[in-house]
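What follows is query.txt (compact mmCIF, C-alpha atoms).
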```txt
# COMPACT_ATOMS: atom_id res chain seq x y z
CA MET Y 1 60.74 -7.10 -47.99
CA LYS Y 2 61.34 -3.92 -46.08
CA LEU Y 3 58.97 -1.09 -46.88
CA VAL Y 4 60.61 2.29 -46.99
CA ILE Y 5 58.28 5.26 -46.95
CA LYS Y 6 59.97 8.37 -48.22
CA THR Y 7 57.07 10.77 -47.84
CA THR Y 8 57.40 11.31 -44.10
CA ALA Y 9 58.64 14.51 -42.47
CA LYS Y 10 60.33 14.97 -39.10
CA PRO Y 11 58.01 16.22 -36.32
CA LYS Y 12 57.89 19.98 -35.75
CA GLY Y 13 60.11 20.67 -38.79
CA THR Y 14 58.40 24.00 -39.43
CA ARG Y 15 60.48 25.43 -36.57
CA ALA Y 16 63.13 26.04 -39.26
CA ASN Y 17 60.86 28.76 -40.66
CA LYS Y 18 61.17 31.84 -38.46
CA THR Y 19 57.89 33.65 -39.00
CA GLY Y 20 58.95 36.64 -36.88
CA THR Y 21 59.91 38.42 -40.11
CA TRP Y 22 56.21 38.65 -41.07
CA ARG Y 23 55.56 41.06 -38.23
CA SER Y 24 54.81 44.74 -38.69
CA PHE Y 25 53.50 45.38 -35.15
CA MET Y 26 55.32 43.97 -32.15
CA PRO Y 27 53.59 43.06 -28.87
CA VAL Y 28 55.33 44.62 -25.86
CA PHE Y 29 54.42 43.10 -22.47
CA ASP Y 30 54.12 45.45 -19.48
CA HIS Y 31 54.79 43.35 -16.37
CA LYS Y 32 53.62 46.18 -14.09
CA LEU Y 33 50.03 45.81 -15.34
CA CYS Y 34 50.11 42.03 -15.82
CA SER Y 35 47.97 39.86 -13.50
CA LYS Y 36 49.63 36.60 -14.68
CA CYS Y 37 46.28 35.17 -15.88
CA GLY Y 38 47.81 33.54 -18.98
CA ILE Y 39 44.99 34.39 -21.40
CA CYS Y 40 47.61 35.74 -23.87
CA ALA Y 41 49.40 32.38 -23.92
CA MET Y 42 46.12 30.49 -24.25
CA TYR Y 43 44.91 32.41 -27.31
CA CYS Y 44 48.25 32.77 -29.16
CA PRO Y 45 47.72 31.00 -32.52
CA GLU Y 46 51.41 30.17 -32.74
CA GLY Y 47 51.65 28.86 -29.17
CA ILE Y 48 54.79 30.91 -28.55
CA ILE Y 49 53.90 32.96 -25.46
CA PHE Y 50 55.66 31.30 -22.53
CA LYS Y 51 55.52 31.65 -18.77
CA LEU Y 52 58.77 32.93 -17.26
CA GLU Y 53 60.16 31.69 -13.95
CA ASN Y 54 58.75 34.77 -12.18
CA GLY Y 55 55.23 33.99 -13.44
CA TYR Y 56 55.04 36.72 -16.09
CA PHE Y 57 54.66 36.00 -19.82
CA GLU Y 58 56.86 36.81 -22.81
CA PRO Y 59 56.54 35.87 -26.50
CA ASP Y 60 59.21 34.25 -28.65
CA TYR Y 61 59.85 37.05 -31.15
CA ASP Y 62 61.51 34.62 -33.58
CA TYR Y 63 58.05 33.26 -34.43
CA CYS Y 64 55.56 36.00 -33.38
CA LYS Y 65 53.63 37.10 -36.49
CA GLY Y 66 52.27 40.19 -34.72
CA CYS Y 67 48.59 39.29 -35.12
CA GLY Y 68 47.70 41.18 -31.92
CA ILE Y 69 45.25 38.65 -30.45
CA CYS Y 70 47.18 38.73 -27.15
CA ALA Y 71 46.88 42.52 -26.92
CA ASN Y 72 43.19 42.41 -27.87
CA GLU Y 73 42.31 39.71 -25.33
CA CYS Y 74 44.43 40.90 -22.38
CA PRO Y 75 41.93 41.86 -19.63
CA LYS Y 76 44.45 44.26 -18.02
CA LYS Y 77 45.52 45.87 -21.32
CA ALA Y 78 49.10 45.05 -20.37
CA ILE Y 79 50.18 44.30 -23.95
CA LEU Y 80 50.87 47.14 -26.38
CA MET Y 81 51.28 46.71 -30.14
CA VAL Y 82 54.20 48.87 -31.25
CA LEU Y 83 55.15 49.55 -34.87
CA GLU Y 84 58.41 47.78 -35.72
CA GLY Y 85 61.43 49.96 -36.46
CA LYS Y 86 64.42 49.11 -38.62
CA MET K 1 55.13 23.64 -25.27
CA SER K 2 52.35 23.11 -27.80
CA LEU K 3 52.31 19.90 -29.85
CA LEU K 4 51.63 22.07 -32.90
CA ALA K 5 54.96 23.77 -33.58
CA PRO K 6 55.34 27.41 -34.62
CA GLY K 7 56.78 28.31 -38.01
CA HIS K 8 53.70 27.08 -39.87
CA ARG K 9 52.31 29.25 -42.66
CA GLY K 10 48.94 30.14 -41.12
CA CYS K 11 47.87 33.77 -41.42
CA ALA K 12 48.59 36.09 -38.49
CA GLY K 13 45.57 35.53 -36.20
CA CYS K 14 44.68 32.15 -37.74
CA CYS K 15 41.67 30.34 -36.26
CA ASP K 16 42.62 26.89 -37.57
CA ALA K 17 46.00 27.03 -35.84
CA LEU K 18 44.21 27.86 -32.58
CA ALA K 19 41.74 25.00 -33.03
CA GLY K 20 44.56 22.56 -33.82
CA LYS K 21 46.49 23.73 -30.77
CA PHE K 22 43.50 23.34 -28.43
CA VAL K 23 42.64 19.88 -29.77
CA LEU K 24 46.20 18.64 -29.23
CA ASP K 25 46.20 20.26 -25.75
CA ALA K 26 43.07 18.25 -24.95
CA VAL K 27 44.15 14.91 -26.40
CA GLY K 28 47.85 14.90 -25.56
CA LYS K 29 50.70 12.99 -27.15
CA ASP K 30 49.13 9.58 -27.54
CA CYS K 31 47.09 10.12 -30.69
CA ILE K 32 47.14 9.78 -34.46
CA VAL K 33 45.77 12.72 -36.41
CA VAL K 34 44.22 12.41 -39.87
CA SER K 35 43.60 15.59 -41.84
CA PRO K 36 41.70 15.98 -45.07
CA THR K 37 42.75 18.71 -47.50
CA GLY K 38 42.13 22.18 -46.16
CA CYS K 39 43.79 25.24 -44.71
CA LEU K 40 45.05 23.36 -41.66
CA GLU K 41 46.57 20.60 -43.78
CA VAL K 42 48.21 23.00 -46.24
CA PHE K 43 49.75 25.49 -43.83
CA THR K 44 51.02 22.96 -41.27
CA THR K 45 52.78 20.75 -43.80
CA PRO K 46 54.66 22.78 -46.43
CA TYR K 47 56.92 20.13 -48.02
CA PRO K 48 59.30 18.90 -46.57
CA GLU K 49 58.34 20.31 -43.15
CA SER K 50 55.60 19.44 -40.66
CA ALA K 51 54.35 21.43 -37.70
CA TRP K 52 52.84 18.36 -36.01
CA GLY K 53 54.43 16.87 -32.91
CA VAL K 54 52.20 13.78 -33.17
CA PRO K 55 51.79 11.15 -35.92
CA TRP K 56 49.81 12.79 -38.71
CA ILE K 57 48.54 11.58 -42.08
CA HIS K 58 46.90 13.23 -45.06
CA SER K 59 45.51 11.42 -48.07
CA LEU K 60 42.75 13.20 -50.00
CA PHE K 61 40.04 15.81 -49.57
CA GLU K 62 37.18 13.31 -49.41
CA ASN K 63 38.50 10.34 -47.49
CA ALA K 64 39.83 11.48 -44.08
CA ALA K 65 37.13 9.55 -42.21
CA ALA K 66 37.88 6.43 -44.30
CA VAL K 67 41.63 6.75 -43.63
CA ALA K 68 40.94 7.16 -39.90
CA SER K 69 38.66 4.10 -40.02
CA GLY K 70 41.53 2.14 -41.58
CA VAL K 71 44.01 3.36 -38.94
CA GLU K 72 41.59 2.35 -36.19
CA ALA K 73 40.91 -1.08 -37.75
CA ALA K 74 44.65 -1.73 -38.20
CA TYR K 75 45.33 -0.83 -34.57
CA LYS K 76 42.54 -3.15 -33.47
CA ALA K 77 43.86 -6.00 -35.65
CA LEU K 78 47.35 -5.57 -34.20
CA GLY K 79 45.90 -5.63 -30.70
CA LYS K 80 47.28 -2.16 -29.95
CA LYS K 81 44.02 -0.25 -29.67
CA ASN K 82 43.68 0.69 -26.05
CA LYS K 83 44.79 4.19 -25.22
CA THR K 84 45.83 5.69 -28.57
CA LYS K 85 43.19 8.11 -29.81
CA ILE K 86 42.35 8.38 -33.49
CA ILE K 87 41.44 11.98 -34.35
CA VAL K 88 40.33 13.58 -37.59
CA ILE K 89 40.73 17.36 -37.81
CA GLY K 90 39.09 18.65 -40.96
CA GLY K 91 37.63 21.86 -42.29
CA ASP K 92 34.00 22.56 -43.07
CA GLY K 93 34.42 21.88 -46.80
CA ALA K 94 35.89 18.44 -46.16
CA THR K 95 33.25 17.70 -43.54
CA LEU K 96 29.97 19.14 -44.80
CA ASP K 97 30.50 18.78 -48.55
CA ILE K 98 33.30 16.67 -49.97
CA GLY K 99 33.94 14.13 -47.22
CA LEU K 100 30.34 13.65 -46.04
CA GLN K 101 29.95 10.20 -47.60
CA ALA K 102 33.12 8.81 -45.98
CA ILE K 103 32.09 10.31 -42.62
CA SER K 104 28.64 8.73 -42.90
CA GLY K 105 30.31 5.37 -43.56
CA ALA K 106 32.70 5.65 -40.63
CA PHE K 107 29.90 6.63 -38.21
CA GLU K 108 27.68 3.85 -39.55
CA ARG K 109 30.40 1.22 -39.01
CA GLY K 110 30.97 2.58 -35.53
CA HIS K 111 34.74 3.05 -35.47
CA ASP K 112 36.27 4.32 -32.25
CA LEU K 113 37.39 7.73 -33.50
CA THR K 114 36.74 11.42 -32.90
CA TYR K 115 35.95 13.72 -35.79
CA ILE K 116 36.66 17.42 -35.26
CA CYS K 117 35.27 19.86 -37.80
CA VAL K 118 36.98 23.25 -37.75
CA ASP K 119 34.25 25.35 -39.31
CA ASN K 120 35.37 28.66 -40.82
CA GLU K 121 32.30 28.75 -43.03
CA ALA K 122 33.88 28.64 -46.55
CA TYR K 123 36.75 27.16 -48.56
CA MET K 124 39.38 29.60 -47.26
CA ASN K 125 42.43 27.71 -48.53
CA THR K 126 41.46 28.06 -52.21
CA GLY K 127 40.17 31.64 -51.98
CA VAL K 128 36.90 31.90 -50.02
CA GLN K 129 34.44 29.88 -52.08
CA ARG K 130 31.10 29.11 -50.43
CA SER K 131 30.58 25.73 -48.74
CA GLY K 132 27.65 23.99 -47.11
CA ALA K 133 28.62 25.73 -43.89
CA THR K 134 28.47 29.28 -45.27
CA PRO K 135 25.66 31.09 -43.46
CA LEU K 136 22.82 33.05 -45.02
CA PHE K 137 23.81 36.33 -46.80
CA ALA K 138 27.58 35.95 -46.33
CA SER K 139 29.46 37.28 -49.32
CA THR K 140 32.05 34.87 -50.74
CA THR K 141 33.82 34.75 -54.11
CA THR K 142 31.25 32.27 -55.45
CA SER K 143 28.27 33.95 -53.78
CA PRO K 144 29.25 37.62 -54.12
CA ALA K 145 26.95 40.35 -52.87
CA GLY K 146 26.06 42.92 -55.50
CA LYS K 147 23.19 44.77 -57.18
CA VAL K 148 21.00 41.68 -57.52
CA SER K 149 22.23 39.56 -54.63
CA PHE K 150 22.68 39.73 -50.87
CA GLY K 151 25.30 36.98 -50.95
CA ASN K 152 24.88 33.31 -50.14
CA PRO K 153 21.17 32.46 -50.54
CA GLN K 154 21.28 29.14 -48.65
CA HIS K 155 21.12 28.40 -44.95
CA LYS K 156 23.99 26.75 -43.09
CA LYS K 157 23.77 22.96 -43.07
CA ASN K 158 23.04 21.52 -39.61
CA MET K 159 25.94 19.06 -39.47
CA PRO K 160 25.76 18.15 -35.74
CA ALA K 161 22.16 17.00 -36.30
CA ILE K 162 23.22 14.87 -39.30
CA ILE K 163 25.91 13.17 -37.20
CA ALA K 164 23.55 12.73 -34.24
CA ALA K 165 21.10 11.02 -36.62
CA HIS K 166 23.78 8.39 -37.25
CA GLY K 167 23.45 7.36 -33.60
CA SER K 168 26.71 8.89 -32.42
CA PRO K 169 27.11 8.60 -28.62
CA TYR K 170 28.57 12.13 -28.29
CA VAL K 171 28.13 15.20 -30.49
CA ALA K 172 29.08 18.70 -29.35
CA THR K 173 29.49 22.21 -30.70
CA ALA K 174 32.32 24.42 -29.46
CA SER K 175 34.04 27.69 -30.31
CA ILE K 176 37.72 28.64 -30.36
CA SER K 177 36.76 31.70 -28.29
CA TYR K 178 35.76 29.44 -25.38
CA ALA K 179 38.97 27.43 -25.09
CA PRO K 180 38.39 25.68 -21.72
CA ASP K 181 34.93 24.58 -22.90
CA LEU K 182 36.38 23.35 -26.23
CA ILE K 183 39.18 21.41 -24.50
CA LYS K 184 36.69 19.83 -22.08
CA LYS K 185 34.40 18.73 -24.93
CA VAL K 186 37.23 17.29 -27.05
CA LYS K 187 38.46 15.35 -24.00
CA LYS K 188 34.98 13.98 -23.36
CA ALA K 189 34.60 13.05 -27.05
CA THR K 190 37.89 11.12 -27.15
CA GLU K 191 37.10 9.34 -23.90
CA THR K 192 33.68 8.25 -25.18
CA LYS K 193 33.81 4.92 -27.01
CA GLY K 194 32.57 4.88 -30.57
CA PRO K 195 32.46 7.56 -33.28
CA THR K 196 32.16 11.01 -31.73
CA TYR K 197 31.98 14.48 -33.23
CA VAL K 198 32.89 18.03 -32.18
CA HIS K 199 31.96 20.96 -34.41
CA VAL K 200 34.25 23.92 -33.70
CA HIS K 201 33.23 27.39 -34.83
CA ALA K 202 36.33 29.27 -36.04
CA PRO K 203 36.24 32.88 -37.33
CA CYS K 204 38.67 33.30 -40.25
CA CYS K 205 40.12 36.82 -40.43
CA THR K 206 41.06 36.47 -44.12
CA GLY K 207 37.77 35.07 -45.39
CA TRP K 208 35.38 36.96 -43.11
CA LYS K 209 37.34 40.18 -43.62
CA PHE K 210 38.18 41.48 -40.18
CA GLU K 211 41.48 42.28 -38.48
CA GLY K 212 43.55 39.30 -37.31
CA SER K 213 43.59 40.57 -33.74
CA LYS K 214 39.77 40.23 -33.51
CA THR K 215 39.58 36.45 -34.16
CA ILE K 216 38.63 35.57 -30.58
CA GLU K 217 36.35 38.61 -30.20
CA VAL K 218 34.30 37.73 -33.32
CA GLY K 219 33.94 34.12 -32.17
CA ARG K 220 32.68 35.32 -28.81
CA LEU K 221 30.14 37.61 -30.50
CA ALA K 222 28.78 34.64 -32.51
CA VAL K 223 28.03 32.83 -29.24
CA GLU K 224 26.70 35.93 -27.45
CA THR K 225 24.25 36.72 -30.29
CA ALA K 226 23.07 33.07 -30.40
CA MET K 227 24.31 32.69 -33.98
CA TRP K 228 26.44 29.80 -32.72
CA PRO K 229 24.80 27.87 -29.86
CA LEU K 230 27.12 25.78 -27.68
CA TYR K 231 25.54 22.45 -26.78
CA GLU K 232 26.26 18.77 -26.18
CA MET K 233 24.25 15.80 -27.44
CA GLU K 234 24.47 12.31 -26.02
CA ASN K 235 22.82 9.49 -28.00
CA GLY K 236 20.78 12.03 -29.96
CA GLU K 237 19.46 13.99 -26.96
CA VAL K 238 20.60 17.52 -26.07
CA THR K 239 22.11 17.12 -22.60
CA GLY K 240 23.90 20.40 -22.02
CA VAL K 241 23.68 23.99 -23.29
CA ARG K 242 25.67 27.10 -22.52
CA LYS K 243 23.04 29.61 -21.40
CA LEU K 244 23.28 33.26 -22.42
CA LYS K 245 23.04 35.82 -19.64
CA LYS K 246 22.35 38.78 -21.88
CA ARG K 247 21.78 38.11 -25.55
CA LYS K 248 23.08 40.68 -28.04
CA PRO K 249 21.33 41.59 -31.31
CA VAL K 250 22.89 39.92 -34.39
CA GLU K 251 23.92 43.31 -35.84
CA GLU K 252 26.79 43.39 -33.34
CA TYR K 253 28.16 40.16 -34.80
CA LEU K 254 27.49 41.11 -38.44
CA LYS K 255 28.88 44.65 -38.45
CA VAL K 256 32.42 43.63 -37.46
CA GLN K 257 32.75 41.42 -40.55
CA GLY K 258 33.47 42.56 -44.11
CA ARG K 259 31.52 39.65 -45.58
CA TYR K 260 28.26 41.17 -44.25
CA LYS K 261 29.11 44.78 -45.15
CA HIS K 262 26.48 44.90 -47.92
CA LEU K 263 23.69 44.34 -45.37
CA PHE K 264 24.46 47.74 -43.86
CA THR K 265 25.10 49.68 -47.08
CA ALA K 266 22.70 48.25 -49.68
CA GLU K 267 19.04 49.18 -49.87
CA GLY K 268 16.80 46.61 -48.18
CA GLY K 269 19.63 45.34 -45.99
CA THR K 270 17.72 45.84 -42.74
CA GLU K 271 14.99 43.49 -44.01
CA GLU K 272 17.62 40.81 -44.65
CA ILE K 273 19.20 41.30 -41.21
CA LYS K 274 15.80 40.44 -39.73
CA LYS K 275 16.01 37.05 -41.46
CA ILE K 276 19.39 36.45 -39.80
CA GLN K 277 17.95 37.55 -36.45
CA ALA K 278 15.23 34.93 -36.99
CA ILE K 279 17.94 32.22 -37.17
CA ALA K 280 19.32 33.39 -33.81
CA ASP K 281 15.81 33.47 -32.33
CA TRP K 282 15.22 29.91 -33.55
CA ASN K 283 18.48 28.79 -31.90
CA VAL K 284 17.41 30.36 -28.60
CA LYS K 285 14.01 28.68 -28.74
CA HIS K 286 15.24 25.30 -29.99
CA PHE K 287 18.11 24.89 -27.55
CA GLY K 288 16.66 26.89 -24.66
CA LEU K 289 19.59 29.30 -24.50
CA GLU K 290 17.89 31.89 -22.29
```

What's the structure tokens form of this structure?
Amino acid sequence: MKLVIKTTAKPKGTRANKTGTWRSFMPVFDHKLCSKCGICAMYCPEGIIFKLENGYFEPDYDYCKGCGICANECPKKAILMVLEGK
Amino acid sequence: MSLLAPGHRGCAGCCDALAGKFVLDAVGKDCIVVSPTGCLEVFTTPYPESAWGVPWIHSLFENAAAVASGVEAAYKALGKKNKTKIIVIGGDGATLDIGLQAISGAFERGHDLTYICVDNEAYMNTGVQRSGATPLFASTTTSPAGKVSFGNPQHKKNMPAIIAAHGSPYVATASISYAPDLIKKVKKATETKGPTYVHVHAPCCTGWKFEGSKTIEVGRLAVETAMWPLYEMENGEVTGVRKLKKRKPVEEYLKVQGRYKHLFTAEGGTEEIKKIQAIADWNVKHFGLE
């Protein structure tokens, strides 16, 4: 007898839910001040701050909830939280 | 790319999401995760989606350790148990209160698994009810501060000591604010044979009432004021502690959180803060933090 389990979900299925719409403040990364330490990426609860080819970091705004941890933890204060406009 | 996908329903600035991310970073792809009921379970798996990039199973609030024991035993029976790590990631409610009996059983039988407790010091998922991990004088919805009360009257349960008493080969405390340390400890726990335990301190912005951007900062203050000592225990003996260079008074940790607001506004609050300072002093003396 073949057992079919119908209560499983595909891995990483939550990617369908773009949480970027939750955001009221948007982190803006200033590459001039950035020291490329990567602390922002380490402490992002969503895991959506990625290293670019040139070594700087940028978030994926589709999922960024705007919590501001990256801006708070940045030792160079290179991330600014800006109020979202329409 | 993190093995915990974005798009989950955790609050902005969520501590559990960070803890889950760090644990998966430490363990890697080859693992099976068991989660009891809790914030992490609820927000990562809104039906029919899942944020997990690794095999993950949830059964009940109380039996995560028993389910993990079964997974481990099945792997052993099939002759597959060599590299695959069996991990439980549960909250403080599932660990210190509801699931304690199943955990005790699993540690007694000596299964090769790692139990990670993500401790945000109350039942956040159901609306901030107090748990065995809620510290002294924290205000929660079931231990509210008011005219006749300074909040939770009980002390925080010493869970790492309870696990160490079971004869676990490796028990450690960690904090989400010290990510490299946390990742190192989780790695060591999974590489140690037998039932191991890591207790992760995780400040919850919703339940502790502070801004989401301060999650890491508050966690760091807990360590710097000695309210949360970072140590490792091997076979019941403390083998490593993170020393504090300059200890801060506990007020610095308490004043940034809304759940301790009454200690600064109500009459007699300063007397109660002294009792919390005594806990920090005990930690310093007991673990030799200075």

Neighbour residues at most 7 Å from (31.3, 39.2, -44.2) (only C-alpha atoms) as a list of chain:residue names: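 Within 7 Å of (31.3, 39.2, -44.2), the protein and nucleic acid residues are K:Ala138, K:Ser139, K:Trp208, K:Lys209, K:Gln257, K:Gly258, K:Arg259, K:Tyr260, K:Lys261.
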
Atomic distance atom CA of K:Glu237 - atom CA of K:Pro169, expressed in Å with one decimal: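 Value for the atom CA of K:Glu237-atom CA of K:Pro169 distance: 9.5 Å.
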
Contact residues (chain K, partner chain Y, 6 Å, only C-alpha atoms) as a ChimeraX atom specification: /K:2,5-8,12-13,17-18,49-53,212-213

K:Phe137 environment, 8 Å, all atoms listed in the file, sequence neighbours closer than 4 positions dropped, as an MDAnalysis selection string: chainID K and resid 145 150:154 260 272

For atom CA of K:Ser104 and atom CA of K:Tyr178, the interatomic separation in Å (one decimal): 28.0 Å
